[in-house]
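J.: Supplied structure: final04.tsv, TSV, C-alpha atoms and all ligand atoms.
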```tsv
chain	number	residue	atom	x	y	z
A	1	MET	CA	73.42	126.61	119.14
A	2	ARG	CA	76.19	126.44	116.58
A	3	PHE	CA	79.78	125.20	116.67
A	4	LYS	CA	82.66	127.24	115.36
A	5	LYS	CA	83.76	124.29	113.22
A	6	ILE	CA	83.97	120.66	114.20
A	7	PHE	CA	85.57	118.01	111.99
A	8	TYR	CA	85.44	114.25	112.26
A	9	GLY	CA	89.03	113.97	113.44
A	10	LYS	CA	92.02	115.98	114.58
A	11	GLN	CA	95.31	115.71	116.43
A	12	SER	CA	95.85	116.11	120.14
A	13	ILE	CA	99.16	117.89	120.78
A	14	SER	CA	100.37	118.79	124.27
A	15	TRP	CA	103.11	121.21	125.38
A	16	GLY	CA	105.04	118.08	126.34
A	17	ASP	CA	104.91	116.92	122.70
A	18	ILE	CA	106.06	120.35	121.53
A	19	TRP	CA	109.01	120.37	123.92
A	20	GLU	CA	110.22	117.01	122.54
A	21	VAL	CA	110.14	118.44	119.00
A	22	VAL	CA	111.95	121.62	120.04
A	23	LYS	CA	114.74	119.64	121.73
A	24	VAL	CA	115.43	117.80	118.46
A	25	LEU	CA	115.37	121.02	116.45
A	26	ARG	CA	118.29	122.26	118.63
A	27	SER	CA	120.23	118.95	118.24
A	28	PRO	CA	122.87	118.08	115.59
A	29	PHE	CA	120.43	115.92	113.57
A	30	ILE	CA	117.11	117.13	112.31
A	31	THR	CA	116.36	114.70	109.50
A	32	GLN	CA	116.54	110.92	109.94
A	33	GLY	CA	118.81	110.23	112.90
A	34	PRO	CA	118.85	108.70	116.37
A	35	VAL	CA	115.28	109.64	117.30
A	36	VAL	CA	113.90	107.83	114.24
A	37	GLU	CA	115.66	104.70	115.53
A	38	LYS	CA	114.23	105.23	119.01
A	39	PHE	CA	110.73	105.64	117.57
A	40	GLU	CA	111.16	102.43	115.57
A	41	LYS	CA	112.26	100.56	118.68
A	42	SER	CA	109.22	101.85	120.58
A	43	ILE	CA	106.87	100.76	117.78
A	44	CYS	CA	108.38	97.26	118.00
A	45	GLU	CA	107.91	97.21	121.77
A	46	TYR	CA	104.33	98.42	121.49
A	47	THR	CA	103.19	96.11	118.68
A	48	GLY	CA	105.37	93.10	119.46
A	49	ALA	CA	106.84	93.02	115.93
A	50	LYS	CA	110.55	92.27	115.54
A	51	TYR	CA	111.27	95.12	113.12
A	52	ALA	CA	109.83	98.54	112.31
A	53	VAL	CA	110.74	101.11	109.66
A	54	VAL	CA	109.26	104.60	109.93
A	55	VAL	CA	108.74	106.59	106.74
A	56	SER	CA	107.35	109.87	105.46
A	57	SER	CA	103.69	108.76	105.15
A	58	GLY	CA	101.35	105.79	105.28
A	59	THR	CA	101.21	105.93	101.50
A	60	ALA	CA	105.03	105.69	101.31
A	61	ALA	CA	104.82	102.70	103.66
A	62	LEU	CA	102.34	100.96	101.33
A	63	HIS	CA	104.49	101.76	98.30
A	64	LEU	CA	107.60	100.31	99.98
A	65	ALA	CA	105.60	97.24	101.02
A	66	MET	CA	104.72	96.61	97.37
A	67	LEU	CA	108.30	97.23	96.20
A	68	SER	CA	109.85	94.99	98.83
A	69	LEU	CA	107.54	92.11	97.86
A	70	GLU	CA	108.43	92.75	94.21
A	71	VAL	CA	104.85	93.24	93.10
A	72	SER	CA	105.10	94.34	89.48
A	73	LYS	CA	103.51	94.25	86.04
A	74	GLY	CA	101.29	91.22	85.56
A	75	ASP	CA	100.62	90.81	89.31
A	76	GLU	CA	97.25	91.31	90.97
A	77	VAL	CA	96.68	92.48	94.52
A	78	ILE	CA	93.33	92.23	96.33
A	79	THR	CA	92.07	94.95	98.66
A	80	SER	CA	88.83	96.42	99.99
A	81	PRO	CA	86.79	98.94	97.97
A	82	ASN	CA	85.87	100.58	101.32
A	83	THR	CA	89.23	102.26	101.95
A	84	PHE	CA	91.31	105.33	101.35
A	85	LEU	CA	92.75	105.58	97.83
A	86	ALA	CA	96.30	104.76	98.97
A	87	SER	CA	95.52	101.09	99.75
A	88	ALA	CA	94.74	100.56	96.05
A	89	ASN	CA	97.04	103.15	94.46
A	90	CYS	CA	100.18	101.53	95.92
A	91	VAL	CA	99.59	98.52	93.64
A	92	LEU	CA	99.40	100.76	90.58
A	93	TYR	CA	102.62	102.60	91.60
A	94	VAL	CA	104.58	99.39	90.96
A	95	GLY	CA	102.72	98.45	87.76
A	96	GLY	CA	100.44	95.82	89.30
A	97	MET	CA	96.65	95.61	88.99
A	98	VAL	CA	94.14	96.10	91.79
A	99	LYS	CA	91.30	93.66	92.37
A	100	PHE	CA	88.66	94.46	94.94
A	101	ALA	CA	86.79	92.06	97.20
A	102	ASP	CA	83.53	93.26	98.71
A	103	ILE	CA	83.07	93.97	102.42
A	104	ASP	CA	81.18	92.19	105.14
A	105	PHE	CA	78.24	94.53	105.65
A	106	ARG	CA	78.24	94.04	109.44
A	107	THR	CA	81.84	95.25	109.97
A	108	ALA	CA	82.61	97.12	106.71
A	109	CYS	CA	85.89	95.16	106.59
A	110	ILE	CA	86.88	92.98	103.64
A	111	ASP	CA	85.00	89.65	103.55
A	112	PRO	CA	87.43	86.68	103.40
A	113	ARG	CA	84.95	84.66	101.32
A	114	GLU	CA	84.93	87.43	98.72
A	115	ILE	CA	88.76	87.45	98.70
A	116	GLU	CA	88.88	83.77	97.80
A	117	LYS	CA	86.51	84.34	94.87
A	118	LYS	CA	88.84	86.98	93.41
A	119	ILE	CA	92.03	84.90	93.46
A	120	THR	CA	93.53	84.08	90.04
A	121	PRO	CA	96.92	82.62	89.03
A	122	LYS	CA	98.16	86.24	88.84
A	123	THR	CA	97.26	87.14	92.44
A	124	LYS	CA	100.34	87.97	94.49
A	125	ALA	CA	99.11	89.65	97.67
A	126	ILE	CA	96.16	90.71	99.81
A	127	ILE	CA	95.86	94.09	101.55
A	128	PRO	CA	93.15	93.81	104.22
A	129	VAL	CA	92.15	97.19	105.69
A	130	HIS	CA	91.27	97.33	109.39
A	131	PHE	CA	88.36	99.68	108.78
A	132	ALA	CA	87.60	102.23	111.52
A	133	GLY	CA	90.10	100.41	113.77
A	134	GLN	CA	88.37	97.04	113.86
A	135	SER	CA	90.71	94.22	112.83
A	136	CYS	CA	89.81	92.08	109.85
A	137	ASP	CA	89.46	88.33	110.33
A	138	MET	CA	93.22	87.81	110.02
A	139	LYS	CA	93.39	84.10	110.81
A	140	GLU	CA	90.92	83.39	108.03
A	141	ILE	CA	92.68	85.74	105.59
A	142	TYR	CA	96.10	84.30	106.44
A	143	SER	CA	94.91	80.75	105.88
A	144	ILE	CA	93.58	81.72	102.44
A	145	ALA	CA	96.93	83.39	101.71
A	146	LYS	CA	98.85	80.27	102.71
A	147	LYS	CA	96.57	78.07	100.59
A	148	TYR	CA	97.31	80.13	97.44
A	149	ASP	CA	100.86	81.23	98.37
A	150	LEU	CA	100.09	84.95	98.68
A	151	PHE	CA	101.58	87.76	100.76
A	152	VAL	CA	99.46	89.64	103.30
A	153	ILE	CA	100.01	93.33	104.05
A	154	GLU	CA	97.73	94.73	106.77
A	155	ASP	CA	96.65	98.31	106.14
A	156	ALA	CA	96.41	99.38	109.77
A	157	ALA	CA	96.26	103.13	109.12
A	158	HIS	CA	93.14	103.12	111.34
A	159	ALA	CA	94.31	100.55	113.82
A	160	ILE	CA	97.34	101.52	115.87
A	161	GLY	CA	96.42	100.45	119.40
A	162	SER	CA	93.83	97.91	118.19
A	163	GLU	CA	94.00	94.26	119.17
A	164	TYR	CA	93.31	91.04	117.32
A	165	LEU	CA	92.91	87.90	119.46
A	166	SER	CA	94.58	89.69	122.38
A	167	ASN	CA	97.67	90.68	120.38
A	168	LYS	CA	98.35	94.20	119.19
A	169	VAL	CA	97.66	94.89	115.51
A	170	GLY	CA	101.11	95.23	113.92
A	171	CYS	CA	102.63	92.14	115.55
A	172	CYS	CA	102.33	90.46	112.13
A	173	GLU	CA	101.37	87.05	113.49
A	174	TYR	CA	99.00	86.57	110.54
A	175	SER	CA	100.69	88.75	107.91
A	176	ASP	CA	104.01	89.52	106.25
A	177	MET	CA	103.87	93.18	107.22
A	178	THR	CA	101.65	95.86	108.69
A	179	VAL	CA	101.42	99.47	107.59
A	180	PHE	CA	100.52	102.44	109.84
A	181	SER	CA	99.80	106.12	109.14
A	182	PHE	CA	100.51	109.04	111.44
A	183	HIS	CA	98.47	111.63	109.55
A	184	PRO	CA	96.85	114.14	111.98
A	185	VAL	CA	93.39	112.52	111.77
A	186	LYS	CA	94.82	109.14	112.81
A	187	THR	CA	95.10	108.03	116.44
A	188	ILE	CA	98.68	109.30	116.90
A	189	THR	CA	100.44	111.76	114.63
A	190	THR	CA	103.81	112.93	113.34
A	191	GLY	CA	102.28	115.56	111.01
A	192	GLU	CA	102.82	113.34	108.01
A	193	GLY	CA	104.33	109.93	108.61
A	194	GLY	CA	103.93	106.20	108.54
A	195	ALA	CA	105.55	102.92	109.55
A	196	ILE	CA	105.94	99.32	108.45
A	197	THR	CA	106.33	96.47	110.91
A	198	THR	CA	107.49	92.96	110.02
A	199	ASN	CA	109.08	89.88	111.55
A	200	ASP	CA	111.05	89.09	108.36
A	201	GLU	CA	114.64	90.31	108.57
A	202	ARG	CA	115.18	90.18	104.82
A	203	LEU	CA	112.12	92.34	104.11
A	204	TYR	CA	113.10	94.72	106.91
A	205	LYS	CA	116.56	95.31	105.44
A	206	LYS	CA	115.17	95.77	101.98
A	207	ILE	CA	112.55	98.30	103.11
A	208	LYS	CA	115.23	100.25	104.98
A	209	ARG	CA	117.35	100.50	101.83
A	210	LEU	CA	114.37	101.46	99.67
A	211	ARG	CA	113.48	104.28	102.08
A	212	SER	CA	116.74	106.00	101.14
A	213	HIS	CA	117.29	105.64	97.37
A	214	GLY	CA	118.09	101.92	97.59
A	215	THR	CA	121.60	102.64	98.86
A	216	THR	CA	123.63	100.61	101.32
A	217	LYS	CA	126.95	100.74	103.16
A	218	ASN	CA	126.54	97.23	104.53
A	219	ARG	CA	129.83	95.41	103.89
A	220	GLU	CA	128.04	92.10	103.54
A	221	ILE	CA	126.26	93.36	100.41
A	222	LEU	CA	128.83	95.73	98.84
A	223	THR	CA	130.37	94.35	95.65
A	224	ARG	CA	133.64	96.09	96.50
A	225	ASP	CA	135.06	98.51	99.06
A	226	GLU	CA	136.61	101.70	97.74
A	227	GLY	CA	136.87	103.42	101.13
A	228	PRO	CA	134.93	104.80	104.07
A	229	TRP	CA	132.83	107.08	101.84
A	230	TYR	CA	131.73	104.24	99.62
A	231	TYR	CA	128.09	103.22	99.19
A	232	GLU	CA	126.24	101.29	96.53
A	233	MET	CA	122.78	101.39	95.04
A	234	HIS	CA	121.22	97.97	94.45
A	235	ASP	CA	117.54	98.83	94.04
A	236	LEU	CA	115.61	101.84	92.77
A	237	GLY	CA	114.48	103.46	96.02
A	238	PHE	CA	113.04	106.80	97.06
A	239	ASN	CA	113.48	109.51	99.66
A	240	TYR	CA	110.77	108.38	102.07
A	241	ARG	CA	112.65	109.36	105.25
A	242	MET	CA	110.96	110.76	108.33
A	243	THR	CA	112.65	113.68	110.10
A	244	ASP	CA	113.97	113.29	113.65
A	245	PHE	CA	111.70	116.05	114.93
A	246	GLN	CA	108.67	114.23	113.55
A	247	ALA	CA	109.91	111.03	115.19
A	248	ALA	CA	110.22	112.96	118.48
A	249	LEU	CA	106.56	113.91	118.16
A	250	GLY	CA	105.69	110.31	117.31
A	251	LEU	CA	107.58	108.94	120.34
A	252	SER	CA	105.86	111.39	122.63
A	253	GLN	CA	102.46	110.57	121.10
A	254	LEU	CA	103.05	106.81	121.31
A	255	LYS	CA	103.49	107.15	125.07
A	256	LYS	CA	99.94	108.52	125.21
A	257	LEU	CA	98.43	106.02	122.79
A	258	ASN	CA	96.71	103.89	125.43
A	259	LYS	CA	95.19	107.01	126.95
A	260	PHE	CA	94.00	108.18	123.53
A	261	VAL	CA	92.47	104.78	122.82
A	262	LYS	CA	90.66	104.78	126.16
A	263	ARG	CA	89.21	108.23	125.50
A	264	ARG	CA	88.07	107.19	122.02
A	265	GLU	CA	86.34	104.14	123.55
A	266	GLU	CA	84.52	106.37	126.03
A	267	ILE	CA	83.26	108.68	123.30
A	268	VAL	CA	82.11	105.78	121.11
A	269	LYS	CA	80.18	104.40	124.08
A	270	ILE	CA	78.41	107.73	124.60
A	271	TYR	CA	77.42	107.82	120.92
A	272	LYS	CA	76.23	104.21	120.92
A	273	ASP	CA	74.16	104.62	124.07
A	274	ALA	CA	72.63	107.85	122.78
A	275	PHE	CA	71.54	106.51	119.38
A	276	ALA	CA	70.60	103.01	120.59
A	277	GLY	CA	67.00	101.95	120.02
A	278	ASP	CA	66.38	104.76	117.52
A	279	GLU	CA	65.27	103.13	114.27
A	280	ARG	CA	66.83	105.94	112.21
A	281	PHE	CA	70.36	104.96	113.27
A	282	SER	CA	72.65	101.97	113.68
A	283	PHE	CA	76.34	101.16	114.12
A	284	LEU	CA	78.79	98.62	112.77
A	285	GLU	CA	79.04	95.39	114.70
A	286	GLU	CA	82.12	94.48	116.70
A	287	GLU	CA	83.55	91.00	116.30
A	288	ASN	CA	84.74	89.03	119.33
A	289	TYR	CA	88.23	88.55	117.91
A	290	SER	CA	88.82	92.30	117.61
A	291	LYS	CA	89.23	95.06	120.17
A	292	ALA	CA	89.18	98.26	118.16
A	293	ALA	CA	91.11	101.42	118.89
A	294	PHE	CA	88.39	103.35	117.14
A	295	HIS	CA	89.80	105.63	114.45
A	296	LEU	CA	86.28	106.32	113.22
A	297	CYS	CA	82.79	106.04	114.63
A	298	PRO	CA	80.58	105.52	111.56
A	299	LEU	CA	76.90	106.25	112.13
A	300	LEU	CA	74.65	104.40	109.70
A	301	ILE	CA	71.46	106.13	108.69
A	302	ASN	CA	68.39	104.13	107.84
A	303	PHE	CA	67.13	106.33	105.00
A	304	SER	CA	63.85	104.40	104.74
A	305	LYS	CA	62.91	106.03	108.08
A	306	VAL	CA	64.19	109.52	107.17
A	307	LYS	CA	62.72	112.12	104.80
A	308	LEU	CA	65.90	114.12	104.06
A	309	ASN	CA	68.61	112.74	101.81
A	310	LYS	CA	72.30	112.60	102.72
A	311	LYS	CA	73.23	115.78	100.88
A	312	GLU	CA	70.47	117.74	102.65
A	313	ILE	CA	71.53	116.34	106.01
A	314	PHE	CA	75.17	117.32	105.42
A	315	LYS	CA	74.16	120.84	104.42
A	316	LYS	CA	72.12	121.29	107.56
A	317	LEU	CA	74.90	119.86	109.74
A	318	GLU	CA	77.37	122.30	108.20
A	319	GLU	CA	75.06	125.18	109.01
A	320	LYS	CA	75.43	124.08	112.64
A	321	GLY	CA	79.22	123.95	112.31
A	322	LEU	CA	79.48	120.17	112.00
A	323	HIS	CA	81.77	119.39	109.06
A	324	LEU	CA	81.61	115.63	108.88
A	325	GLN	CA	83.10	113.17	106.39
A	326	VAL	CA	82.05	109.95	104.75
A	327	HIS	CA	84.39	106.95	104.87
A	328	PHE	CA	84.72	105.86	102.18
A	329	ILE	CA	83.65	106.68	98.64
A	330	PRO	CA	84.18	103.19	97.15
A	331	VAL	CA	87.55	103.33	95.39
A	332	HIS	CA	86.31	101.46	92.30
A	333	LEU	CA	83.83	104.28	91.60
A	334	GLN	CA	86.54	106.94	91.28
A	335	PRO	CA	86.82	108.16	87.66
A	336	PHE	CA	90.43	106.94	87.53
A	337	TYR	CA	89.38	103.39	88.49
A	338	ARG	CA	86.31	103.39	86.24
A	339	GLU	CA	88.83	103.65	83.38
A	340	PHE	CA	89.84	100.08	84.22
A	341	GLY	CA	86.24	98.97	83.71
A	342	PHE	CA	84.95	99.08	87.31
A	343	LYS	CA	81.38	100.30	87.59
A	344	GLU	CA	78.35	100.71	89.85
A	345	GLY	CA	77.06	97.39	91.07
A	346	ASP	CA	80.47	95.67	91.09
A	347	PHE	CA	80.71	95.75	94.91
A	348	PRO	CA	77.12	96.24	96.10
A	349	ARG	CA	77.84	95.99	99.82
A	350	ALA	CA	80.56	98.68	99.77
A	351	GLU	CA	78.27	100.87	97.65
A	352	LYS	CA	75.29	100.37	99.97
A	353	TYR	CA	77.49	101.03	102.98
A	354	TYR	CA	78.72	104.28	101.43
A	355	GLU	CA	75.13	105.46	100.97
A	356	LYS	CA	74.27	104.94	104.62
A	357	THR	CA	77.38	106.03	106.50
A	358	LEU	CA	78.71	109.23	108.02
A	359	SER	CA	81.63	109.53	110.44
A	360	LEU	CA	80.88	111.14	113.80
A	361	PRO	CA	83.50	113.48	115.30
A	362	LEU	CA	85.97	111.33	117.25
A	363	TYR	CA	89.27	112.46	118.77
A	364	ALA	CA	90.92	112.45	122.16
A	365	ASP	CA	90.38	116.17	122.86
A	366	LEU	CA	86.62	116.04	122.31
A	367	ASN	CA	84.88	116.67	125.65
A	368	ASN	CA	81.63	115.09	126.78
A	369	LYS	CA	79.68	118.33	126.66
A	370	VAL	CA	80.51	118.74	122.97
A	371	VAL	CA	79.74	115.07	122.30
A	372	HIS	CA	76.25	115.51	123.78
A	373	LYS	CA	75.69	118.67	121.73
A	374	ILE	CA	76.69	116.81	118.56
A	375	ILE	CA	74.23	114.04	119.39
A	376	LYS	CA	71.44	116.55	119.98
A	377	ILE	CA	72.09	118.35	116.69
A	378	ILE	CA	72.16	115.11	114.69
A	379	LYS	CA	68.95	113.84	116.27
A	380	GLU	CA	67.25	117.12	115.43
A	381	ILE	CA	68.50	117.30	111.86
A	382	VAL	CA	68.18	113.70	110.67
A	383	VAL	CA	64.40	113.53	110.18
B	401	LIG	C1	95.18	107.51	105.98
B	401	LIG	C2	95.17	106.22	105.25
B	401	LIG	C3	96.23	105.81	104.43
B	401	LIG	C4	97.34	106.73	103.98
B	401	LIG	O1	98.10	107.29	104.96
B	401	LIG	P1	98.86	108.68	104.70
B	401	LIG	O2	99.75	108.75	105.91
B	401	LIG	O3	97.84	109.74	104.66
B	401	LIG	O4	99.64	108.55	103.45
B	401	LIG	C5	96.22	104.52	103.91
B	401	LIG	N1	95.19	103.69	104.15
B	401	LIG	C6	94.13	104.06	104.90
B	401	LIG	C7	93.04	103.08	105.13
B	401	LIG	C8	94.07	105.35	105.45
B	401	LIG	O5	93.01	105.71	106.15
```
Just dump the structure as structure tokens.

T.:
Amino acid sequence: MRFKKIFYGKQSISWGDIWEVVKVLRSPFITQGPVVEKFEKSICEYTGAKYAVVVSSGTAALHLAMLSLEVSKGDEVITSPNTFLASANCVLYVGGMVKFADIDFRTACIDPREIEKKITPKTKAIIPVHFAGQSCDMKEIYSIAKKYDLFVIEDAAHAIGSEYLSNKVGCCEYSDMTVFSFHPVKTITTGEGGAITTNDERLYKKIKRLRSHGTTKNREILTRDEGPWYYEMHDLGFNYRMTDFQAALGLSQLKKLNKFVKRREEIVKIYKDAFAGDERFSFLEEENYSKAAFHLCPLLINFSKVKLNKKEIFKKLEEKGLHLQVHFIPVHLQPFYREFGFKEGDFPRAEKYYEKTLSLPLYADLNNKVVHKIIKIIKEIVV
């Protein structure tokens, strides 16, 4: 038995989604236009946030978050070492310095107690990452932020559809803004794309200007009015616009989000039941305050009960057509970050977690028969 090729994640695109994209391609606007606005409105309705700005990627969203909060040279921002590079890189884009705070080993999310230890007079913001879709302990993180007068930006690239204390992640009750990604491996997709939600009108307006070169036609801000063509640039912005046909895909996908989340939950339950009680395997714990829209299903391997090492296991899985991934290589161990002086042993829990974890295939289109085959292959190979 061998699969053609199975990856840990992929998009689920229906003919209905395709039709929505095609309709926009035949309309007068194809780049940012009315459908982008509709998508933003739908994100607000879904998350409960007052404002949403959609952009060209999750990374662009993080960059604009840093710019809008005026993080710059001399500032420090704290994030998790167990994340995708973008959560840390965005700080460097604006000249700031990244500090990491180790994870809670039970959830693989940033540990609030570790955050507090890393705060210095230079700290300006915290970027908690809702790893695998499980929300961080936001009330705790927000109270630390208030105590030291820091901003909080939730990296919710994994967590659209997740809930924290019965509210949707992205409502920004315990943060200044939340960032989403619509990359194809994420729960809903626009090809490439991202969004920022916030309840702060001033930040919202600023992010909207920064998305399009920092220009404005808003009469309230213009220093003068030379005519109907006239616009002004007040900040150094970028072209981080999303196209209208991507937004059409996003709108169509958002309508199916709850269905996607439900299917992901079902698959995670099958995995958990199947590996339960087997001393070779374990899973992350779920906290009561969080209801995860699982972006990932990390399987932790207890290597003290297994003869093969991780590399050997991955090779054997690939021979069976299972091309899995590991989330994440701790960011501080990347050669680029080691240049700043980070090294092995700095964040032992993230490093230990990295050694043990592999991400099981998880996406809405995965059927139960395939899930059971995957389980069988893994149980046979991991010995
Ligand atoms: C995917 C991801 C991002 C970046 O999103 P892109 O849309 O790929 O730019 C940021 N943070 C985390 C945690 C991610 O997983």

J.: If we count all atoms listed in the file, what is near Gly321 of chain A at a cut-off of 7 Å, once residues fewer than 5 positions away on the same chain are taken out, given as a list of chain:residue names?

T.: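 Everything that qualifies: A:Arg2, A:Phe3, A:Lys4, A:Lys5, A:Ile6.
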
J.: Please check which protein, DNA or RNA residues sit within 7 Å of ligand LIG 401 (chain B), counting only C-alpha atoms and all ligand atoms, and write them as a list in words.

T.: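 Counting only what the definition allows, namely only C-alpha atoms and all ligand atoms, the set is Ser57, Gly58, Thr59, Ala60, Thr83, Phe84, Ala86, Ser87, Val129, Phe131, Asp155, Ala156, Ala157, His158, Ser181, Phe182, His183, Glu192, Gly193 and Gly194 of chain A.
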
J.: Within 12 Å of (80.9, 120.1, 120.8) (coordinates as in the file), grab all the protein and nucleic acid residues, counting all atoms listed in the file, and write them out as a PyMOL selection string.

T.: chain A and resi 1-8+267+320-323+360-363+365-378

J.: Save out the residues we just selected, C-alpha atoms, as a PDB file, in the coordinates of the input.

T.:
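Okay, selection.pdb is ready:
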```
ATOM      1  CA  MET A   1      73.420 126.610 119.140  1.00  0.00           C
ATOM      2  CA  ARG A   2      76.190 126.440 116.580  1.00  0.00           C
ATOM      3  CA  PHE A   3      79.780 125.200 116.670  1.00  0.00           C
ATOM      4  CA  LYS A   4      82.660 127.240 115.360  1.00  0.00           C
ATOM      5  CA  LYS A   5      83.760 124.290 113.220  1.00  0.00           C
ATOM      6  CA  ILE A   6      83.970 120.660 114.200  1.00  0.00           C
ATOM      7  CA  PHE A   7      85.570 118.010 111.990  1.00  0.00           C
ATOM      8  CA  TYR A   8      85.440 114.250 112.260  1.00  0.00           C
ATOM      9  CA  ILE A 267      83.260 108.680 123.300  1.00  0.00           C
ATOM     10  CA  LYS A 320      75.430 124.080 112.640  1.00  0.00           C
ATOM     11  CA  GLY A 321      79.220 123.950 112.310  1.00  0.00           C
ATOM     12  CA  LEU A 322      79.480 120.170 112.000  1.00  0.00           C
ATOM     13  CA  HIS A 323      81.770 119.390 109.060  1.00  0.00           C
ATOM     14  CA  LEU A 360      80.880 111.140 113.800  1.00  0.00           C
ATOM     15  CA  PRO A 361      83.500 113.480 115.300  1.00  0.00           C
ATOM     16  CA  LEU A 362      85.970 111.330 117.250  1.00  0.00           C
ATOM     17  CA  TYR A 363      89.270 112.460 118.770  1.00  0.00           C
ATOM     18  CA  ASP A 365      90.380 116.170 122.860  1.00  0.00           C
ATOM     19  CA  LEU A 366      86.620 116.040 122.310  1.00  0.00           C
ATOM     20  CA  ASN A 367      84.880 116.670 125.650  1.00  0.00           C
ATOM     21  CA  ASN A 368      81.630 115.090 126.780  1.00  0.00           C
ATOM     22  CA  LYS A 369      79.680 118.330 126.660  1.00  0.00           C
ATOM     23  CA  VAL A 370      80.510 118.740 122.970  1.00  0.00           C
ATOM     24  CA  VAL A 371      79.740 115.070 122.300  1.00  0.00           C
ATOM     25  CA  HIS A 372      76.250 115.510 123.780  1.00  0.00           C
ATOM     26  CA  LYS A 373      75.690 118.670 121.730  1.00  0.00           C
ATOM     27  CA  ILE A 374      76.690 116.810 118.560  1.00  0.00           C
ATOM     28  CA  ILE A 375      74.230 114.040 119.390  1.00  0.00           C
ATOM     29  CA  LYS A 376      71.440 116.550 119.980  1.00  0.00           C
ATOM     30  CA  ILE A 377      72.090 118.350 116.690  1.00  0.00           C
ATOM     31  CA  ILE A 378      72.160 115.110 114.690  1.00  0.00           C
TER      32      ILE A 378
END
```

J.: Quick one: residues within 7 Å of Tyr142 of chain A, all atoms listed in the file, excluding same-chain residues fewer than 4 positions away - as a PDB file with C-alpha atoms, keeping the file's coordinate frame?

T.:
```pdb
ATOM      1  CA  MET A 138      93.220  87.810 110.020  1.00  0.00           C
ATOM      2  CA  LYS A 146      98.850  80.270 102.710  1.00  0.00           C
ATOM      3  CA  TYR A 174      99.000  86.570 110.540  1.00  0.00           C
ATOM      4  CA  SER A 175     100.690  88.750 107.910  1.00  0.00           C
TER       5      SER A 175
END
```

J.: Write out as a PyMOL selection string the residues lying within 12 Å of Gln253 of chain A, counting only C-alpha atoms and excluding same-chain residues fewer than 5 positions away.

T.: chain A and resi 11-18+20-21+39+42-43+160-161+182+184+186-191+246-248+258-261+364

J.: Listed atoms of segment 125-144 of chain A, axis-aligned box, 4 Å per side: centre and edge lengths to one decimal in Å, as AutoDock Vina command-line options?

T.:
```
--center_x 93.4 --center_y 91.5 --center_z 105.8 --size_x 19.5 --size_y 29.5 --size_z 24.2
```
